[in-house]
Every structure is written in C-alpha cells, then in structure tokens.
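Undergrad: See run_31.txt below, with compact mmCIF, C-alpha atoms.
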# COMPACT_ATOMS: atom_id res chain seq x y z
CA MET P 1 -6.89 -51.81 -16.10
CA GLY P 2 -6.00 -48.33 -14.95
CA LEU P 3 -8.07 -46.18 -12.63
CA LEU P 4 -9.22 -44.13 -15.62
CA SER P 5 -9.58 -46.82 -18.29
CA ASN P 6 -12.36 -45.98 -20.78
CA LYS P 7 -12.56 -42.42 -19.48
CA THR P 8 -11.84 -39.27 -21.44
CA ALA P 9 -10.41 -36.23 -19.67
CA ILE P 10 -10.19 -32.63 -20.79
CA ILE P 11 -7.25 -30.83 -19.18
CA THR P 12 -6.79 -27.11 -19.70
CA GLY P 13 -3.39 -25.50 -19.31
CA ALA P 14 -1.90 -28.91 -20.09
CA SER P 15 1.37 -27.77 -21.65
CA ARG P 16 3.32 -27.43 -18.41
CA GLY P 17 3.35 -27.64 -14.63
CA ILE P 18 0.38 -29.20 -12.86
CA GLY P 19 -1.59 -29.63 -16.10
CA LYS P 20 1.24 -31.53 -17.76
CA ALA P 21 1.83 -33.75 -14.72
CA THR P 22 -1.90 -34.47 -14.52
CA ALA P 23 -1.98 -35.40 -18.21
CA ALA P 24 0.94 -37.81 -17.71
CA LEU P 25 -0.60 -39.49 -14.67
CA PHE P 26 -4.05 -39.74 -16.25
CA ALA P 27 -2.51 -41.34 -19.37
CA ALA P 28 -0.62 -43.80 -17.17
CA GLU P 29 -3.97 -44.75 -15.63
CA GLY P 30 -5.52 -45.37 -19.04
CA ALA P 31 -7.41 -42.13 -19.73
CA ASN P 32 -7.87 -40.79 -23.22
CA LEU P 33 -6.90 -37.14 -23.20
CA ILE P 34 -8.12 -33.90 -24.68
CA LEU P 35 -5.32 -31.45 -23.98
CA VAL P 36 -5.84 -27.71 -24.24
CA SER P 37 -3.34 -24.88 -24.14
CA ARG P 38 -2.70 -21.47 -25.68
CA THR P 39 0.33 -22.92 -27.44
CA LEU P 40 0.23 -26.07 -29.51
CA ASP P 41 3.92 -27.02 -29.81
CA PRO P 42 4.42 -28.19 -26.21
CA LEU P 43 1.15 -30.12 -26.38
CA ASN P 44 2.29 -31.95 -29.50
CA LEU P 45 5.56 -32.85 -27.78
CA LEU P 46 3.65 -34.08 -24.75
CA LYS P 47 1.29 -36.09 -26.96
CA THR P 48 4.22 -37.79 -28.73
CA ASP P 49 5.90 -38.57 -25.43
CA LEU P 50 2.78 -39.99 -23.76
CA GLN P 51 1.70 -42.01 -26.77
CA SER P 52 5.15 -43.61 -26.92
CA ARG P 53 4.55 -44.90 -23.41
CA TYR P 54 0.81 -45.47 -23.11
CA ASP P 55 -1.88 -46.92 -25.35
CA VAL P 56 -4.30 -43.99 -25.11
CA ALA P 57 -5.92 -41.58 -27.55
CA ILE P 58 -4.73 -38.00 -27.24
CA ASP P 59 -6.20 -34.98 -29.01
CA VAL P 60 -4.62 -31.55 -28.65
CA PHE P 61 -6.32 -28.20 -29.12
CA GLN P 62 -5.09 -24.64 -29.10
CA ALA P 63 -7.44 -22.40 -27.15
CA ASP P 64 -7.27 -19.54 -24.69
CA VAL P 65 -9.79 -20.34 -21.95
CA SER P 66 -10.36 -16.63 -21.38
CA LYS P 67 -11.92 -16.39 -24.84
CA LEU P 68 -15.44 -17.81 -24.95
CA ASP P 69 -15.53 -17.93 -28.75
CA GLN P 70 -12.42 -20.14 -28.73
CA LEU P 71 -13.97 -22.46 -26.15
CA LYS P 72 -17.18 -22.73 -28.18
CA GLN P 73 -15.07 -23.60 -31.22
CA LEU P 74 -13.19 -26.21 -29.18
CA PHE P 75 -16.37 -27.92 -27.98
CA SER P 76 -17.83 -27.76 -31.45
CA GLU P 77 -14.74 -29.60 -32.74
CA LEU P 78 -15.10 -32.15 -29.95
CA SER P 79 -18.69 -32.79 -31.01
CA SER P 80 -17.76 -33.17 -34.65
CA LYS P 81 -15.08 -35.71 -33.68
CA ASN P 82 -17.56 -37.42 -31.35
CA LEU P 83 -15.21 -36.86 -28.40
CA ILE P 84 -17.30 -36.96 -25.24
CA ALA P 85 -15.58 -36.20 -21.94
CA ASP P 86 -16.07 -37.81 -18.52
CA ILE P 87 -13.64 -35.55 -16.66
CA LEU P 88 -12.77 -31.85 -16.81
CA VAL P 89 -9.69 -30.46 -15.09
CA ASN P 90 -9.95 -26.68 -14.98
CA ASN P 91 -6.25 -26.07 -14.55
CA ALA P 92 -5.39 -23.13 -16.81
CA GLY P 93 -4.53 -20.16 -14.67
CA ILE P 94 -2.35 -17.10 -14.40
CA MET P 95 -0.84 -15.32 -11.39
CA ILE P 96 0.05 -11.68 -10.93
CA ASP P 97 1.77 -10.52 -7.73
CA ALA P 98 0.97 -6.94 -6.83
CA THR P 99 -0.55 -5.07 -3.91
CA LEU P 100 -4.02 -3.77 -4.62
CA LEU P 101 -3.04 -0.19 -5.34
CA MET P 102 -0.52 -1.38 -7.92
CA VAL P 103 -2.94 -3.50 -9.91
CA LYS P 104 -4.09 -2.23 -13.27
CA PRO P 105 -7.69 -2.85 -14.40
CA GLU P 106 -6.51 -4.92 -17.36
CA GLN P 107 -4.58 -7.20 -14.97
CA ILE P 108 -7.73 -7.78 -12.93
CA GLU P 109 -9.61 -8.48 -16.12
CA ASN P 110 -6.93 -10.92 -17.31
CA ILE P 111 -6.80 -12.87 -14.06
CA TYR P 112 -10.55 -13.18 -13.75
CA SER P 113 -11.03 -13.98 -17.45
CA THR P 114 -8.63 -16.92 -17.22
CA ASN P 115 -8.88 -18.17 -13.65
CA VAL P 116 -12.60 -17.70 -13.10
CA TYR P 117 -14.58 -17.10 -16.29
CA GLY P 118 -12.53 -19.66 -18.26
CA SER P 119 -13.30 -22.38 -15.72
CA MET P 120 -16.96 -21.40 -15.58
CA TYR P 121 -17.34 -21.48 -19.35
CA CYS P 122 -15.52 -24.80 -19.69
CA SER P 123 -17.76 -26.28 -16.99
CA GLN P 124 -20.87 -24.94 -18.70
CA LEU P 125 -19.83 -26.40 -22.04
CA VAL P 126 -18.75 -29.79 -20.70
CA LEU P 127 -22.00 -30.27 -18.79
CA LYS P 128 -23.79 -31.47 -21.89
CA HIS P 129 -21.16 -34.21 -22.25
CA PHE P 130 -21.61 -35.29 -18.65
CA ILE P 131 -25.40 -35.28 -18.80
CA ARG P 132 -25.22 -37.44 -21.92
CA LYS P 133 -22.93 -39.87 -20.08
CA LYS P 134 -25.06 -39.69 -16.93
CA GLY P 135 -22.09 -38.66 -14.78
CA GLY P 136 -18.77 -36.90 -14.66
CA SER P 137 -16.18 -35.16 -12.56
CA ILE P 138 -15.11 -31.52 -12.62
CA ILE P 139 -11.86 -30.69 -10.85
CA ASN P 140 -11.13 -27.01 -10.29
CA LEU P 141 -7.66 -25.79 -9.43
CA SER P 142 -7.93 -23.31 -6.59
CA SER P 143 -4.98 -22.37 -4.35
CA ILE P 144 -3.94 -22.04 -0.74
CA ILE P 145 -3.99 -18.31 -1.51
CA GLY P 146 -7.71 -18.72 -2.21
CA THR P 147 -8.37 -20.46 1.11
CA ASN P 148 -5.98 -18.46 3.33
CA GLY P 149 -5.11 -15.25 1.47
CA ASN P 150 -1.68 -13.71 1.10
CA LEU P 151 -0.27 -10.22 0.91
CA GLY P 152 0.42 -9.03 -2.61
CA GLN P 153 -1.98 -11.54 -4.06
CA THR P 154 -5.35 -9.90 -3.53
CA ILE P 155 -6.60 -10.35 -7.05
CA TYR P 156 -5.09 -13.79 -7.63
CA GLY P 157 -6.30 -14.95 -4.20
CA SER P 158 -9.81 -13.64 -4.77
CA SER P 159 -9.99 -15.37 -8.15
CA LYS P 160 -9.00 -18.65 -6.51
CA ALA P 161 -11.48 -18.08 -3.68
CA ALA P 162 -14.15 -17.56 -6.35
CA MET P 163 -13.39 -21.05 -7.63
CA ILE P 164 -14.16 -22.47 -4.19
CA GLY P 165 -17.58 -20.81 -4.13
CA PHE P 166 -18.17 -21.98 -7.68
CA THR P 167 -17.16 -25.53 -6.77
CA LYS P 168 -19.40 -25.73 -3.71
CA SER P 169 -22.50 -24.30 -5.39
CA LEU P 170 -22.09 -26.24 -8.62
CA SER P 171 -21.59 -29.48 -6.70
CA LYS P 172 -25.02 -29.00 -5.11
CA GLU P 173 -26.58 -28.16 -8.45
CA LEU P 174 -25.23 -31.27 -10.17
CA ALA P 175 -25.18 -33.92 -7.45
CA SER P 176 -28.52 -35.44 -8.49
CA LEU P 177 -27.14 -35.85 -12.02
CA ASN P 178 -24.23 -37.93 -10.72
CA ILE P 179 -21.79 -35.17 -11.61
CA ARG P 180 -19.18 -34.44 -8.97
CA VAL P 181 -17.42 -31.10 -8.56
CA ASN P 182 -14.36 -30.68 -6.35
CA ALA P 183 -11.43 -28.34 -6.00
CA ILE P 184 -7.76 -28.72 -5.20
CA ALA P 185 -5.94 -26.01 -3.29
CA PRO P 186 -2.22 -26.46 -3.97
CA GLY P 187 0.33 -24.77 -1.76
CA PHE P 188 3.84 -23.89 -2.90
CA ILE P 189 4.40 -26.03 -6.00
CA GLU P 190 7.44 -26.13 -8.26
CA THR P 191 6.09 -24.73 -11.53
CA ASP P 192 6.98 -22.00 -14.00
CA MET P 193 4.78 -19.74 -11.87
CA THR P 194 7.03 -20.18 -8.83
CA LYS P 195 10.36 -20.49 -10.68
CA GLY P 196 10.40 -16.76 -11.39
CA MET P 197 10.14 -15.89 -7.71
CA ASN P 198 12.95 -13.93 -6.02
CA GLU P 199 15.18 -15.98 -3.72
CA LYS P 200 14.15 -14.29 -0.48
CA PHE P 201 10.46 -14.84 -1.14
CA TYR P 202 11.16 -18.44 -2.22
CA GLU P 203 13.05 -19.19 1.03
CA LYS P 204 10.32 -17.55 3.12
CA ASN P 205 7.70 -19.74 1.46
CA LEU P 206 9.81 -22.85 1.94
CA ALA P 207 10.21 -22.10 5.66
CA SER P 208 6.43 -21.97 6.07
CA ILE P 209 5.96 -25.55 4.85
CA GLY P 210 5.68 -28.18 7.57
CA MET P 211 7.14 -30.90 5.36
CA LYS P 212 10.10 -28.62 4.49
CA ARG P 213 9.99 -29.20 0.77
CA ILE P 214 8.36 -27.53 -2.15
CA GLY P 215 5.54 -29.53 -3.68
CA LYS P 216 5.87 -31.17 -7.06
CA PRO P 217 3.26 -30.96 -9.81
CA GLU P 218 2.92 -34.75 -9.43
CA ASP P 219 1.78 -34.27 -5.82
CA VAL P 220 -1.18 -32.30 -7.13
CA ALA P 221 -1.75 -34.66 -10.06
CA LYS P 222 -2.21 -37.59 -7.65
CA VAL P 223 -5.07 -35.81 -5.90
CA ALA P 224 -6.57 -34.90 -9.30
CA LEU P 225 -6.42 -38.61 -10.14
CA PHE P 226 -8.27 -39.46 -6.94
CA LEU P 227 -10.97 -36.89 -7.71
CA ALA P 228 -11.26 -37.98 -11.34
CA SER P 229 -11.54 -41.68 -10.56
CA ASP P 230 -14.20 -43.82 -8.94
CA LEU P 231 -12.07 -43.85 -5.78
CA SER P 232 -13.81 -40.57 -4.95
CA GLY P 233 -17.22 -41.69 -6.20
CA TYR P 234 -18.99 -40.31 -3.10
CA VAL P 235 -16.94 -37.11 -2.82
CA THR P 236 -18.34 -33.81 -4.08
CA GLY P 237 -18.21 -30.15 -3.10
CA GLN P 238 -14.83 -30.58 -1.38
CA VAL P 239 -11.66 -28.53 -1.43
CA ILE P 240 -8.56 -30.65 -0.87
CA GLY P 241 -5.38 -28.89 0.18
CA VAL P 242 -2.11 -30.18 -1.30
CA ASP P 243 0.37 -28.03 0.58
CA GLY P 244 2.66 -30.18 2.74
CA GLY P 245 1.31 -28.49 5.87
CA MET P 246 2.04 -24.96 4.68
CA ILE P 247 1.06 -22.16 7.01
CA ILE P 248 0.12 -18.78 5.59
CA MET I 1 -40.43 -40.83 -37.07
CA SER I 2 -41.51 -37.18 -37.55
CA ASN I 3 -39.68 -34.37 -35.78
CA SER I 4 -42.83 -33.58 -33.78
CA THR I 5 -42.88 -37.14 -32.48
CA LEU I 6 -39.14 -36.94 -31.73
CA LEU I 7 -39.71 -33.68 -29.85
CA TYR I 8 -42.42 -35.18 -27.63
CA LYS I 9 -40.33 -38.30 -27.11
CA ALA I 10 -37.35 -36.18 -26.06
CA PHE I 11 -39.45 -34.31 -23.50
CA ALA I 12 -40.90 -37.53 -22.08
CA GLU I 13 -37.47 -39.11 -21.82
CA ALA I 14 -35.70 -36.06 -20.36
CA LEU I 15 -38.39 -35.27 -17.81
CA ASN I 16 -39.09 -38.93 -17.11
CA ILE I 17 -42.84 -38.53 -17.62
CA ASP I 18 -45.52 -40.43 -19.56
CA PRO I 19 -45.51 -39.46 -23.23
CA GLU I 20 -49.25 -38.67 -22.88
CA LYS I 21 -48.38 -35.80 -20.54
CA VAL I 22 -46.38 -34.03 -23.25
CA ASN I 23 -48.23 -31.46 -25.36
CA ASP I 24 -47.41 -28.05 -26.83
CA GLU I 25 -48.90 -26.27 -23.80
CA LEU I 26 -46.57 -27.96 -21.30
CA ARG I 27 -44.54 -25.23 -19.60
CA PHE I 28 -41.34 -25.01 -17.54
CA GLN I 29 -42.08 -25.56 -13.83
CA SER I 30 -45.76 -26.31 -14.54
CA ILE I 31 -45.09 -29.88 -13.36
CA PRO I 32 -42.67 -30.99 -10.63
CA GLU I 33 -40.70 -33.07 -13.14
CA TRP I 34 -39.70 -30.01 -15.20
CA ASP I 35 -37.48 -28.03 -12.85
CA SER I 36 -34.18 -26.22 -13.35
CA ILE I 37 -32.20 -29.45 -12.93
CA SER I 38 -34.22 -31.57 -15.36
CA HIS I 39 -34.11 -28.60 -17.73
CA MET I 40 -30.37 -29.26 -18.15
CA VAL I 41 -31.12 -32.90 -19.03
CA LEU I 42 -33.83 -31.74 -21.44
CA ILE I 43 -31.40 -29.47 -23.30
CA SER I 44 -28.89 -32.29 -23.57
CA VAL I 45 -31.51 -34.73 -24.90
CA LEU I 46 -32.87 -32.18 -27.40
CA GLU I 47 -29.36 -31.44 -28.66
CA GLU I 48 -28.57 -35.11 -29.06
CA THR I 49 -31.93 -35.90 -30.69
CA PHE I 50 -31.67 -33.14 -33.28
CA GLY I 51 -27.87 -32.95 -33.62
CA ILE I 52 -27.60 -29.31 -32.64
CA SER I 53 -25.86 -27.16 -30.02
CA MET I 54 -28.00 -24.47 -28.42
CA GLU I 55 -26.84 -21.01 -27.43
CA THR I 56 -27.26 -20.05 -23.77
CA ASP I 57 -29.99 -17.51 -24.63
CA ASP I 58 -32.03 -20.27 -26.22
CA VAL I 59 -31.49 -22.56 -23.22
CA ILE I 60 -32.94 -19.80 -21.04
CA ASP I 61 -35.81 -19.00 -23.44
CA LEU I 62 -36.95 -22.59 -23.81
CA SER I 63 -39.93 -22.25 -21.51
CA SER I 64 -42.50 -24.54 -23.12
CA VAL I 65 -42.87 -27.31 -25.67
CA SER I 66 -44.20 -24.84 -28.24
CA LYS I 67 -41.24 -22.53 -27.53
CA ALA I 68 -38.91 -25.49 -28.00
CA ARG I 69 -40.47 -26.04 -31.42
CA GLU I 70 -39.90 -22.37 -32.26
CA ILE I 71 -36.28 -22.42 -31.06
CA LEU I 72 -35.46 -25.68 -32.84
CA THR I 73 -36.77 -24.19 -36.07
CA LYS I 74 -33.98 -21.58 -35.76
CA TYR I 75 -31.53 -24.48 -35.84
CA LYS I 76 -33.10 -25.68 -39.11
CA VAL I 77 -35.21 -28.43 -37.56
CA VAL I 78 -38.34 -28.66 -39.70
CA PHE I 79 -41.70 -29.49 -38.14
Would you mind writing the file out in structure tokens?

TA:
Amino acid sequence: MGLLSNKTAIITGASRGIGKATAALFAAEGANLILVSRTLDPLNLLKTDLQSRYDVAIDVFQADVSKLDQLKQLFSELSSKNLIADILVNNAGIMIDATLLMVKPEQIENIYSTNVYGSMYCSQLVLKHFIRKKGGSIINLSSIIGTNGNLGQTIYGSSKAAMIGFTKSLSKELASLNIRVNAIAPGFIETDMTKGMNEKFYEKNLASIGMKRIGKPEDVAKVALFLASDLSGYVTGQVIGVDGGMII
Amino acid sequence: MSNSTLLYKAFAEALNIDPEKVNDELRFQSIPEWDSISHMVLISVLEETFGISMETDDVIDLSSVSKAREILTKYKVVF
C-alpha cells in the first residue's frame, strides 16, 4: 500500500520539471494520475514509462491552463470517463524575467493567465469532484519569489504571491468540507526554467543557498506527496518553503 | 421517482435538513443551513442527481428552490 493508493491526482504542467517529478513520485505511491500539459508527446512518454514501473491508471490530456474553455473541456471529459479526482496539483506556470519598465502588457497577461487564473479555474472546476468525495487536497505551486520578492521578477513574484493569498483564503472557505489547500514555495530548483539562466546569475543564486546545492524537482515532489497524502491530514492554509535555506 | 421529488431530496440531502422543510419558496440564506458553503455542496448534489454540469452564472443565480427548477429546465431536466 502506497501513501496515495486509491487516490486520483490531477497534475498540471506534468510534462517536465516539478510536475513530472511529482507525477513519478505519486505513481510510485500508488496514485492514479490525470496528467495535463500543453503538449501531449512528453506526457505519453511519461505515461509509458510510469506504467512500465507501476500498476496505476494514467490518463493524459492536452490543455493550456490559461484557457478556460480548454479546462472546461478537460473536466467535461473527466466526467464522461467517470474520473473523479482527490488531489489537484496546480503546477503549470511560466516565468518571465524583466524589470517592471521592460514588461509588456501581453507578458503580464500571459503570466497571470497561467500562474494565477489557470490555478483558480482548475481549483473551481475540481471542487465539485472533492465535494462529491467529501474531501480533497489542493496543492498550489508558489515560489520563494512570491514570499520574498526578487529584482527583475516583479510580475512573476506578484503572481506567485497571489497564489499564497488564494491558498490561505480558499483553505478557510473549504476547511469545513474536509478539503485542504496548501502551497509550496520552491527556491532555486533545477528545471528548464532555471537551465536557461546566465552563468553569473546561476552562481549568485547558488551562493545564496544555505545547503550549497540547487534543489531537485524531486525535493519539491516529496513535499507535494506529504501535502497530498493523509500524512498532512490536519494541515491546511500553509505555505511550505522548499529552498535549502535560500536567502533572498 | 419524479424529478420534483429528486429535486427536493437533493436539497434536503445537501443542506442536511428535514425533507418537510423543502418547498419551492425556500430561499438562499433564509435558513442557517443554506449558506455560501452548503451552497457548494448543493450544486454538487444537484449536478450528480441530474447528470449535468452548471455554468458559474447559474451557480450564482440559483437563489431558491423554484429558481433551481427554472435553471435545471435549461439543462433539459423536465419537471
């Protein structure tokens, strides 16, 4: 019996990075998965890989979380397949580095549509699943930039700070329905987002981490597992930092 | 079981009240049991009972049992 046996988890942005690592760990713990990404090919590869190792059901869906019509279509398909979720990991996110004066309106729109509105819409749509099951867990991916701020990341940081406010208020709204809502605030994690960073900025970030190593997606996935499982059955409205003691 | 009976049953179950307390005049927030939190449960139970998925505007507009009847008719539920 795994920590997530008989549970079904929706993971957005599951094709790579933290989403992919979370999918792998959840499958290892017995969860059936509903994986969502803008591109289907990497999800199909991930599905094949995980199903060769674990006896779990995996459904993959192509959807852009910034598009409400696509999310409605996704949840409609879930209903028609009688797929009812117990866990939602709002992981899909994008990052744009630019000082405020250099940010174009469409970039602000893009970041908020994906990082904030996408998570809000997914949460709204999954609620009916959770109410039907008389419980559930929503895990929102925030960021250390959302808790502490960082130069050149005003819009990204504010979108991640919005997820903290969303998490805290929604947790109060849903506590009596046995639905828990928590957030994870990763620090400097080795993903495609950070791989493109210039060397000087990378080294500067590394120097600010107490544990002197960049985090791995699996480090974040382990905390997502805790928040998804009954191990955190009395935990809601919390923001857990996964940053190796990073100071910003 | 008729759809009217199912509708009343859904309200009683979702709001956790005696079936006798459910009638077409029952309104949102007219009793302590029908608040904004139990409203979410009500929507879920109605959707499951009638096999539909409501739009957000309808979730907001569903302010009484009679209004629920009107809204469900839009989703081809016949009373």

Undergrad: Chain P residues within 9 Å of chain I, counting all atoms listed in the file: which ones, as JSON, numbers by chain?

TA: {"P": [76, 127, 128, 129, 131, 132, 173, 174, 176, 177]}

Undergrad: Using 8 Å of padding on each side, determine the axis-aligned box around all atoms of stretch 3-9 of chain I present in the file and give its centre and edge lengths in Å to one decimal, as AutoDock Vina command-line options.

TA:
--center_x -41.0 --center_y -35.9 --center_z -31.4 --size_x 19.7 --size_y 20.7 --size_z 24.7

Undergrad: Suppose you want the space between atom CA of P:Glu106 and atom CA of P:Ile144; what is it in Å?

TA: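 Calculated distance between atom CA of P:Glu106 and atom CA of P:Ile144 is 24.0 Å.
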
Undergrad: So which residues touch P:Arg213 within 10 Å, counting all atoms listed in the file, skipping near sequence neighbours fewer than 6 positions away, as an MDAnalysis selection string?

TA: chainID P and resid 188:190 205:207 243:244 246

Undergrad: Which residues are near I:Ser2? Cut-off 12 Å, all atoms listed in the file, ignore same chain within fewer than 6 positions. Put them as a list in words.

TA: Tyr8, Lys9, Thr49, Phe50, Val77, Val78 and Phe79 of chain I

Undergrad: In Å, rounded to a single decimal, give me how far atom CA of P:Ala63 is from atom CA of P:Leu125.

TA: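 Between atom CA of P:Leu125 and atom CA of P:Ala63 the gap works out to 14.0 Å.
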
Undergrad: In Å, with one decimal, what is the gap from atom CA of P:Ala98 to atom CA of P:Leu68?

TA: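 Atom-to-atom, atom CA of P:Ala98 to atom CA of P:Leu68, that is 26.8 Å.
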
Undergrad: With a distance cut-off of 12 Å and all atoms listed in the file, select the neighbouring residues of stretch 50-53 of chain P, excluding the residue or stretch itself and same-chain residues fewer than 3 positions from it, and output the selection as a VMD selection string.

TA: chain P and resid 20 to 33 35 43 to 47 56 to 59

Undergrad: Hey, can you spit out that residue selection with C-alpha atoms as a PDB file, keeping the file's coordinate frame?

TA:
ATOM      1  CA  LYS P  20       1.240 -31.530 -17.760  1.00  0.00           C
ATOM      2  CA  ALA P  21       1.830 -33.750 -14.720  1.00  0.00           C
ATOM      3  CA  THR P  22      -1.900 -34.470 -14.520  1.00  0.00           C
ATOM      4  CA  ALA P  23      -1.980 -35.400 -18.210  1.00  0.00           C
ATOM      5  CA  ALA P  24       0.940 -37.810 -17.710  1.00  0.00           C
ATOM      6  CA  LEU P  25      -0.600 -39.490 -14.670  1.00  0.00           C
ATOM      7  CA  PHE P  26      -4.050 -39.740 -16.250  1.00  0.00           C
ATOM      8  CA  ALA P  27      -2.510 -41.340 -19.370  1.00  0.00           C
ATOM      9  CA  ALA P  28      -0.620 -43.800 -17.170  1.00  0.00           C
ATOM     10  CA  GLU P  29      -3.970 -44.750 -15.630  1.00  0.00           C
ATOM     11  CA  GLY P  30      -5.520 -45.370 -19.040  1.00  0.00           C
ATOM     12  CA  ALA P  31      -7.410 -42.130 -19.730  1.00  0.00           C
ATOM     13  CA  ASN P  32      -7.870 -40.790 -23.220  1.00  0.00           C
ATOM     14  CA  LEU P  33      -6.900 -37.140 -23.200  1.00  0.00           C
ATOM     15  CA  LEU P  35      -5.320 -31.450 -23.980  1.00  0.00           C
ATOM     16  CA  LEU P  43       1.150 -30.120 -26.380  1.00  0.00           C
ATOM     17  CA  ASN P  44       2.290 -31.950 -29.500  1.00  0.00           C
ATOM     18  CA  LEU P  45       5.560 -32.850 -27.780  1.00  0.00           C
ATOM     19  CA  LEU P  46       3.650 -34.080 -24.750  1.00  0.00           C
ATOM     20  CA  LYS P  47       1.290 -36.090 -26.960  1.00  0.00           C
ATOM     21  CA  VAL P  56      -4.300 -43.990 -25.110  1.00  0.00           C
ATOM     22  CA  ALA P  57      -5.920 -41.580 -27.550  1.00  0.00           C
ATOM     23  CA  ILE P  58      -4.730 -38.000 -27.240  1.00  0.00           C
ATOM     24  CA  ASP P  59      -6.200 -34.980 -29.010  1.00  0.00           C
TER      25      ASP P  59
END

Undergrad: Since the input is missing atoms, can you rebuild N, CA and C atoms for stretch 6-25 of chain P and write them as a tab-separated table (two decimals), keeping the file's coordinate frame?

TA:
chain	number	residue	atom	x	y	z
P	6	ASN	N	-11.09	-46.31	-20.11
P	6	ASN	CA	-12.36	-45.98	-20.78
P	6	ASN	C	-12.93	-44.62	-20.41
P	7	LYS	N	-12.12	-43.79	-19.79
P	7	LYS	CA	-12.56	-42.42	-19.48
P	7	LYS	C	-11.83	-41.45	-20.40
P	8	THR	N	-12.46	-40.33	-20.64
P	8	THR	CA	-11.84	-39.27	-21.44
P	8	THR	C	-11.79	-38.00	-20.60
P	9	ALA	N	-10.60	-37.41	-20.52
P	9	ALA	CA	-10.41	-36.23	-19.67
P	9	ALA	C	-9.98	-35.02	-20.49
P	10	ILE	N	-10.64	-33.91	-20.23
P	10	ILE	CA	-10.19	-32.63	-20.79
P	10	ILE	C	-9.32	-31.96	-19.73
P	11	ILE	N	-8.13	-31.54	-20.11
P	11	ILE	CA	-7.25	-30.83	-19.18
P	11	ILE	C	-6.85	-29.51	-19.82
P	12	THR	N	-7.20	-28.42	-19.16
P	12	THR	CA	-6.79	-27.11	-19.70
P	12	THR	C	-5.44	-26.73	-19.09
P	13	GLY	N	-4.72	-25.89	-19.79
P	13	GLY	CA	-3.39	-25.50	-19.31
P	13	GLY	C	-2.48	-26.71	-19.20
P	14	ALA	N	-2.56	-27.60	-20.20
P	14	ALA	CA	-1.90	-28.91	-20.09
P	14	ALA	C	-0.45	-28.89	-20.57
P	15	SER	N	0.04	-27.76	-21.03
P	15	SER	CA	1.37	-27.77	-21.65
P	15	SER	C	2.50	-27.81	-20.65
P	16	ARG	N	2.24	-27.46	-19.40
P	16	ARG	CA	3.32	-27.43	-18.41
P	16	ARG	C	2.76	-27.56	-16.99
P	17	GLY	N	3.70	-27.66	-16.06
P	17	GLY	CA	3.35	-27.64	-14.63
P	17	GLY	C	2.34	-28.70	-14.22
P	18	ILE	N	1.37	-28.27	-13.42
P	18	ILE	CA	0.38	-29.20	-12.86
P	18	ILE	C	-0.46	-29.85	-13.97
P	19	GLY	N	-0.80	-29.09	-15.00
P	19	GLY	CA	-1.59	-29.63	-16.10
P	19	GLY	C	-0.86	-30.75	-16.82
P	20	LYS	N	0.42	-30.52	-17.05
P	20	LYS	CA	1.24	-31.53	-17.76
P	20	LYS	C	1.40	-32.79	-16.91
P	21	ALA	N	1.68	-32.60	-15.62
P	21	ALA	CA	1.83	-33.75	-14.72
P	21	ALA	C	0.53	-34.53	-14.61
P	22	THR	N	-0.58	-33.82	-14.60
P	22	THR	CA	-1.90	-34.47	-14.52
P	22	THR	C	-2.15	-35.28	-15.80
P	23	ALA	N	-1.81	-34.68	-16.93
P	23	ALA	CA	-1.98	-35.40	-18.21
P	23	ALA	C	-1.17	-36.70	-18.20
P	24	ALA	N	0.07	-36.62	-17.73
P	24	ALA	CA	0.94	-37.81	-17.71
P	24	ALA	C	0.38	-38.89	-16.79
P	25	LEU	N	-0.07	-38.50	-15.62
P	25	LEU	CA	-0.60	-39.49	-14.67
P	25	LEU	C	-1.92	-40.09	-15.17
